[in-house]
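Enquirer: Right, I'll just put the structure down here and ask away after.
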Amino acid sequence: MVANFSITARFPHLYESWLWYGHTVTNGDSLEPFASDVGFCGGLLSSPVLCDKDAWCLEISPEKQIQFLSMNPVYLEELLFAWKVGADALIEGLDEIEVTEVVVKDRKNVCEGQ
């Protein structure tokens with residue numbers, strides 16, 4: 001199975017809603033890993049780390065801005081932790097191990113054993 005976050009970009013249009021910092025997405029309707037060689041089964045929207053803060057927002061007009069967020073893949077335990085405790089607590093844990101937008105398929109699971 002391949003991660004398909006393309007629905008995330010269409011989510012606000014399909015559901016007349018919005019996505020923002022700290023929101024989580026799953027692997028479709030499943031909590032199964034994206035592939036047999038990775039444990040990630042969802043994603044977490046957070047602030048980009050690898051670009052200047054000035055690049056986080058594009059002003060189209062005084063009334064319209066586009067905000068850029070990063071999508072960080074997360075393990076099942078991390079996803080459940082974010083749902084239970086809150087995304088900010090998970091983001092703190094990910095920051096402690098210096099997670100960036102670069103996907104490291106065998107990175108440490110900050111909620112393993114919790």
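Chain identifiers are assigned as A, B, and so on, following the order in which chains appear in the structure tokens; residues are numbered from 1 within each chain, and ligands are numbered from 1 in order of appearance.
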Name all residues at most 12 Å from stretch 61-67 of chain A (count only C-alpha atoms; drop same-chain ones fewer than 6 positions away) and give them as a PyMOL selection string.
Expert: chain A and resi 18-21+45-48+53-55
Enquirer: Please list as a short mmCIF file (atom, residue, chain, number, x, y, z; two decimals) with N, CA, C and O atoms, in the first residue's frame every residue within 9 Å of A:Val49, counting only C-alpha atoms and excluding residues in the same chain fewer than 6 positions away.
Expert:
data_model
loop_
_atom_site.label_atom_id
_atom_site.label_comp_id
_atom_site.auth_asym_id
_atom_site.auth_seq_id
_atom_site.Cartn_x
_atom_site.Cartn_y
_atom_site.Cartn_z
N SER A 70 3.88 21.41 6.79
CA SER A 70 4.55 20.15 6.44
C SER A 70 3.66 18.99 6.87
O SER A 70 2.86 19.12 7.80
N VAL A 99 12.61 15.83 14.15
CA VAL A 99 11.92 15.40 12.95
C VAL A 99 11.71 16.62 12.04
O VAL A 99 11.35 17.69 12.51
N THR A 100 11.98 16.44 10.75
CA THR A 100 11.79 17.49 9.76
C THR A 100 10.87 16.96 8.67
O THR A 100 10.34 15.85 8.78
N GLU A 101 10.75 17.73 7.60
CA GLU A 101 9.94 17.30 6.46
C GLU A 101 10.55 16.11 5.71
O GLU A 101 9.87 15.44 4.94
#
Enquirer: Give me, as a list in words, the residues of chain A that a backbone DSSP run labels strand (DSSP E or B).
Expert: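 So, restricting chain A to strand (DSSP E or B), we get Thr24, Val25, Thr26, Asn27, Ser30, Phe40, Cys41, Gly42, Gly43, Leu44, Leu45, Ser46, Cys57, Leu58, Glu59, Ile60, Ser61, Lys64, Gln65, Ile66, Gln67, Ser70, Met71, Asn72, Pro73, Val74 and Tyr75 of chain A.
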Enquirer: Quick one: distance from atom CA of A:Phe40 to atom CA of A:Glu16 in Å, one decimal?
Expert: 27.2 Å
Enquirer: Determine, counting only C-alpha atoms, which protein, DNA and RNA residues have an atom within 12 Å of an atom of A:Ala9; residues of the same chain fewer than 2 positions away are not included. Present the result as a PDB file with N, CA and C atoms, in the first residue's frame.
Expert:
ATOM      1  N   ASN A   4      -1.235   7.870   0.470  1.00  0.00           N
ATOM      2  CA  ASN A   4      -1.938   8.745  -0.454  1.00  0.00           C
ATOM      3  C   ASN A   4      -2.446   9.953   0.311  1.00  0.00           C
ATOM      4  N   PHE A   5      -1.599  10.964   0.414  1.00  0.00           N
ATOM      5  CA  PHE A   5      -1.995  12.183   1.096  1.00  0.00           C
ATOM      6  C   PHE A   5      -2.630  13.180   0.138  1.00  0.00           C
ATOM      7  N   SER A   6      -2.824  12.791  -1.137  1.00  0.00           N
ATOM      8  CA  SER A   6      -3.404  13.735  -2.091  1.00  0.00           C
ATOM      9  C   SER A   6      -4.801  14.154  -1.678  1.00  0.00           C
ATOM     10  N   ILE A   7      -5.530  13.294  -0.980  1.00  0.00           N
ATOM     11  CA  ILE A   7      -6.863  13.655  -0.508  1.00  0.00           C
ATOM     12  C   ILE A   7      -6.778  14.813   0.479  1.00  0.00           C
ATOM     13  N   PHE A  11      -9.257  17.921   0.766  1.00  0.00           N
ATOM     14  CA  PHE A  11     -10.137  17.805   1.923  1.00  0.00           C
ATOM     15  C   PHE A  11     -10.997  19.054   2.165  1.00  0.00           C
ATOM     16  N   PRO A  12     -10.393  20.249   2.205  1.00  0.00           N
ATOM     17  CA  PRO A  12     -11.226  21.432   2.466  1.00  0.00           C
ATOM     18  C   PRO A  12     -12.322  21.644   1.424  1.00  0.00           C
ATOM     19  N   HIS A  13     -12.040  21.297   0.183  1.00  0.00           N
ATOM     20  CA  HIS A  13     -13.027  21.478  -0.887  1.00  0.00           C
ATOM     21  C   HIS A  13     -14.104  20.401  -0.830  1.00  0.00           C
ATOM     22  N   LEU A  14     -13.704  19.170  -0.587  1.00  0.00           N
ATOM     23  CA  LEU A  14     -14.656  18.061  -0.550  1.00  0.00           C
ATOM     24  C   LEU A  14     -15.609  18.140   0.634  1.00  0.00           C
ATOM     25  N   TYR A  15     -15.090  18.589   1.776  1.00  0.00           N
ATOM     26  CA  TYR A  15     -15.876  18.566   3.010  1.00  0.00           C
ATOM     27  C   TYR A  15     -16.258  19.954   3.521  1.00  0.00           C
ATOM     28  N   SER A  17     -14.541  22.308   4.719  1.00  0.00           N
ATOM     29  CA  SER A  17     -13.913  22.438   6.021  1.00  0.00           C
ATOM     30  C   SER A  17     -12.508  23.002   5.815  1.00  0.00           C
ATOM     31  N   TRP A  18     -11.659  22.818   6.774  1.00  0.00           N
ATOM     32  CA  TRP A  18     -10.300  23.324   6.673  1.00  0.00           C
ATOM     33  C   TRP A  18      -9.347  22.397   7.412  1.00  0.00           C
ATOM     34  N   LEU A  19      -8.090  22.534   7.107  1.00  0.00           N
ATOM     35  CA  LEU A  19      -7.018  21.809   7.783  1.00  0.00           C
ATOM     36  C   LEU A  19      -6.041  22.828   8.319  1.00  0.00           C
ATOM     37  N   TRP A  20      -5.417  22.483   9.443  1.00  0.00           N
ATOM     38  CA  TRP A  20      -4.486  23.433  10.039  1.00  0.00           C
ATOM     39  C   TRP A  20      -3.448  22.691  10.865  1.00  0.00           C
ATOM     40  N   VAL A  25      -4.194  13.122   9.797  1.00  0.00           N
ATOM     41  CA  VAL A  25      -4.885  12.395   8.735  1.00  0.00           C
ATOM     42  C   VAL A  25      -4.449  10.939   8.819  1.00  0.00           C
ATOM     43  N   LEU A  45       0.015  17.453  10.417  1.00  0.00           N
ATOM     44  CA  LEU A  45       0.354  18.745   9.836  1.00  0.00           C
ATOM     45  C   LEU A  45       1.054  19.600  10.887  1.00  0.00           C
ATOM     46  N   PHE A  68       1.529  27.418   4.191  1.00  0.00           N
ATOM     47  CA  PHE A  68       2.198  26.157   3.888  1.00  0.00           C
ATOM     48  C   PHE A  68       2.524  25.418   5.177  1.00  0.00           C
ATOM     49  N   LEU A  69       2.181  24.157   5.212  1.00  0.00           N
ATOM     50  CA  LEU A  69       2.459  23.300   6.357  1.00  0.00           C
ATOM     51  C   LEU A  69       3.229  22.079   5.874  1.00  0.00           C
ATOM     52  N   SER A  70       3.884  21.408   6.793  1.00  0.00           N
ATOM     53  CA  SER A  70       4.545  20.151   6.440  1.00  0.00           C
ATOM     54  C   SER A  70       3.656  18.993   6.873  1.00  0.00           C
ATOM     55  N   MET A  71       3.775  17.887   6.175  1.00  0.00           N
ATOM     56  CA  MET A  71       3.048  16.660   6.522  1.00  0.00           C
ATOM     57  C   MET A  71       4.083  15.662   7.003  1.00  0.00           C
TER      58      MET A  71
END
Enquirer: DSSP on the backbone, then: every residue of chain A marked helix (DSSP H, G or I), written as a short mmCIF file (atom, residue, chain, number, x, y, z; two decimals) with N, CA and C atoms, in the first residue's frame.
Expert:
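This went into result.cif:
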data_model
loop_
_atom_site.label_atom_id
_atom_site.label_comp_id
_atom_site.auth_asym_id
_atom_site.auth_seq_id
_atom_site.Cartn_x
_atom_site.Cartn_y
_atom_site.Cartn_z
N SER A 6 -2.82 12.79 -1.14
CA SER A 6 -3.40 13.74 -2.09
C SER A 6 -4.80 14.15 -1.68
N ILE A 7 -5.53 13.29 -0.98
CA ILE A 7 -6.86 13.65 -0.51
C ILE A 7 -6.78 14.81 0.48
N THR A 8 -5.65 14.94 1.16
CA THR A 8 -5.48 16.00 2.14
C THR A 8 -5.60 17.37 1.47
N ALA A 9 -5.03 17.52 0.30
CA ALA A 9 -5.10 18.80 -0.41
C ALA A 9 -6.53 19.11 -0.85
N ARG A 10 -7.30 18.09 -1.13
CA ARG A 10 -8.69 18.29 -1.58
C ARG A 10 -9.69 18.32 -0.42
N PHE A 11 -9.26 17.92 0.77
CA PHE A 11 -10.14 17.80 1.92
C PHE A 11 -11.00 19.05 2.16
N PRO A 12 -10.39 20.25 2.21
CA PRO A 12 -11.23 21.43 2.47
C PRO A 12 -12.32 21.64 1.42
N HIS A 13 -12.04 21.30 0.18
CA HIS A 13 -13.03 21.48 -0.89
C HIS A 13 -14.10 20.40 -0.83
N LEU A 14 -13.70 19.17 -0.59
CA LEU A 14 -14.66 18.06 -0.55
C LEU A 14 -15.61 18.14 0.63
N TYR A 15 -15.09 18.59 1.78
CA TYR A 15 -15.88 18.57 3.01
C TYR A 15 -16.26 19.95 3.52
N LYS A 53 10.89 31.02 7.95
CA LYS A 53 9.52 31.31 8.37
C LYS A 53 8.81 32.21 7.36
N ASP A 54 9.56 33.05 6.67
CA ASP A 54 8.97 33.93 5.65
C ASP A 54 8.32 33.14 4.52
N ALA A 55 8.74 31.90 4.33
CA ALA A 55 8.21 31.08 3.24
C ALA A 55 6.97 30.29 3.66
N TRP A 56 6.53 30.42 4.89
CA TRP A 56 5.37 29.67 5.37
C TRP A 56 4.05 30.22 4.85
N LEU A 76 1.21 4.55 14.40
CA LEU A 76 -0.09 4.36 15.02
C LEU A 76 -0.09 4.89 16.46
N GLU A 77 0.92 4.54 17.24
CA GLU A 77 0.99 4.98 18.64
C GLU A 77 1.03 6.50 18.73
N GLU A 78 1.72 7.14 17.81
CA GLU A 78 1.80 8.60 17.80
C GLU A 78 0.46 9.21 17.42
N LEU A 79 -0.20 8.61 16.45
CA LEU A 79 -1.51 9.09 16.03
C LEU A 79 -2.50 9.00 17.19
N LEU A 80 -2.53 7.86 17.85
CA LEU A 80 -3.44 7.67 18.99
C LEU A 80 -3.10 8.64 20.13
N PHE A 81 -1.81 8.87 20.34
CA PHE A 81 -1.37 9.82 21.37
C PHE A 81 -1.88 11.23 21.05
N ALA A 82 -1.74 11.63 19.79
CA ALA A 82 -2.22 12.97 19.39
C ALA A 82 -3.72 13.09 19.60
N TRP A 83 -4.46 12.03 19.29
CA TRP A 83 -5.91 12.06 19.48
C TRP A 83 -6.28 12.13 20.96
N LYS A 84 -5.49 11.46 21.79
CA LYS A 84 -5.82 11.39 23.22
C LYS A 84 -5.32 12.61 23.99
N VAL A 85 -4.06 12.97 23.78
CA VAL A 85 -3.41 14.01 24.58
C VAL A 85 -3.39 15.36 23.86
N ALA A 87 -2.21 17.21 19.73
CA ALA A 87 -1.15 17.27 18.74
C ALA A 87 0.07 18.04 19.24
N ASP A 88 -0.14 19.07 20.06
CA ASP A 88 1.00 19.85 20.54
C ASP A 88 1.97 18.98 21.33
N ALA A 89 1.45 18.06 22.12
CA ALA A 89 2.32 17.17 22.90
C ALA A 89 3.11 16.25 21.97
N LEU A 90 2.48 15.77 20.91
CA LEU A 90 3.19 14.94 19.94
C LEU A 90 4.25 15.76 19.21
N ILE A 91 3.89 16.96 18.80
CA ILE A 91 4.85 17.81 18.10
C ILE A 91 6.06 18.09 18.97
N GLU A 92 5.86 18.29 20.27
CA GLU A 92 6.99 18.48 21.18
C GLU A 92 7.91 17.26 21.17
N GLY A 93 7.33 16.07 21.20
CA GLY A 93 8.13 14.85 21.15
C GLY A 93 8.89 14.71 19.84
N LEU A 94 8.23 15.05 18.74
CA LEU A 94 8.89 14.98 17.43
C LEU A 94 10.00 16.02 17.33
N ASP A 95 9.76 17.20 17.91
CA ASP A 95 10.79 18.24 17.91
C ASP A 95 12.03 17.79 18.70
N GLU A 96 11.81 17.07 19.79
CA GLU A 96 12.93 16.60 20.62
C GLU A 96 13.88 15.69 19.84
#
Enquirer: Find the spatial neighbours of A:Cys41, counting only C-alpha atoms, within a cut-off of 8 Å - ignore same-chain residues fewer than 5 positions away - and output them as a ChimeraX atom specification.
Expert: /A:26-27,30-34,73-76
Enquirer: What's around A:Asp106 at 7 Å? Count only C-alpha atoms, leave out sequence neighbours fewer than 2 positions away in its own chain, and write the answer as an MDAnalysis selection string.
Expert: chainID A and resid 38 104 108
Enquirer: Would you pick out the contacts of A:Leu44 at 6 Å or less, using only C-alpha atoms, so that residues sharing its chain but fewer than 6 positions from it are not included, and give the list as a ChimeraX atom specification?
Expert: /A:23-24,71-72
Enquirer: Mind writing the picked residues with C-alpha atoms as a PDB file, in the first residue's frame?
Expert:
ATOM      1  CA  HIS A  23      -4.533  18.200  12.383  1.00  0.00           C
ATOM      2  CA  THR A  24      -3.979  14.508  11.735  1.00  0.00           C
ATOM      3  CA  MET A  71       3.048  16.660   6.522  1.00  0.00           C
ATOM      4  CA  ASN A  72       5.004  14.423   8.860  1.00  0.00           C
TER       5      ASN A  72
END
